[in-house]
Amino acid sequence: MWIAGVLCMCAAVASAGFGAWSLAHNQAPKQAHKQVIDATRLALRAMAPTQLAAAVMLTAGGVVALAASPHTALVLLIVCVAGALGTLATGSWQSARFALRQTPPAPSCAGNCAVCTQSCH
């Protein structure tokens, strides 16, 4: 369980690092007169809370794996890792949906959606 605990703690540090990086480096441009919405920046910034929540879950799993008895640690480690993966998957899906909703339609979109492959709606 020691190896699983250390791996879980390393994954928690990586997830927290990516979450902090997303918060620090994906801010909107500071132009008040021009509102530019970049879907990639928006999606990455929306993922930051999810990544931080996954880091907390992985930290809890790592601590339990290092401190508890092997039978209890195994069950709780599986629950924590599954919860962190589920949180990341759901957060990715929801932040992508949110970012696509915030993106304005393409300028070439003239209402002819029958053969269009762009994600306007």
# chains A, B, ... in the order shown; residues from 1 in each chain; ligands from 1
$ residues_around --residues "A:Ala67" --least-positions-apart "5" --cutoff "12 Å" --atoms "only C-alpha atoms" --output "list in words"
Met1, Trp2, Ala4, Gly5, Val6, Ala60, Gly61, Gly62, Thr72, Ala73, Leu74, Leu76 and Leu77 of chain A
$ atom_distance --atom1 "atom CA of A:Thr59" --atom2 "atom CA of A:Ala99"
28.7 Å
$ atom_distance --atom1 "atom CA of A:Thr40" --atom2 "atom CA of A:Cys80"
28.6 Å
$ closest_residue --among "A:Ser22, A:Gly83, A:Cys10, A:Ile3" --to "A:Met47" --atoms "only C-alpha atoms"
A:Ser22
$ closest_residue --among "A:Gln94, A:Ser69, A:Thr87, A:Ser15" --to "A:Ala46" --atoms "only C-alpha atoms"
A:Gln94
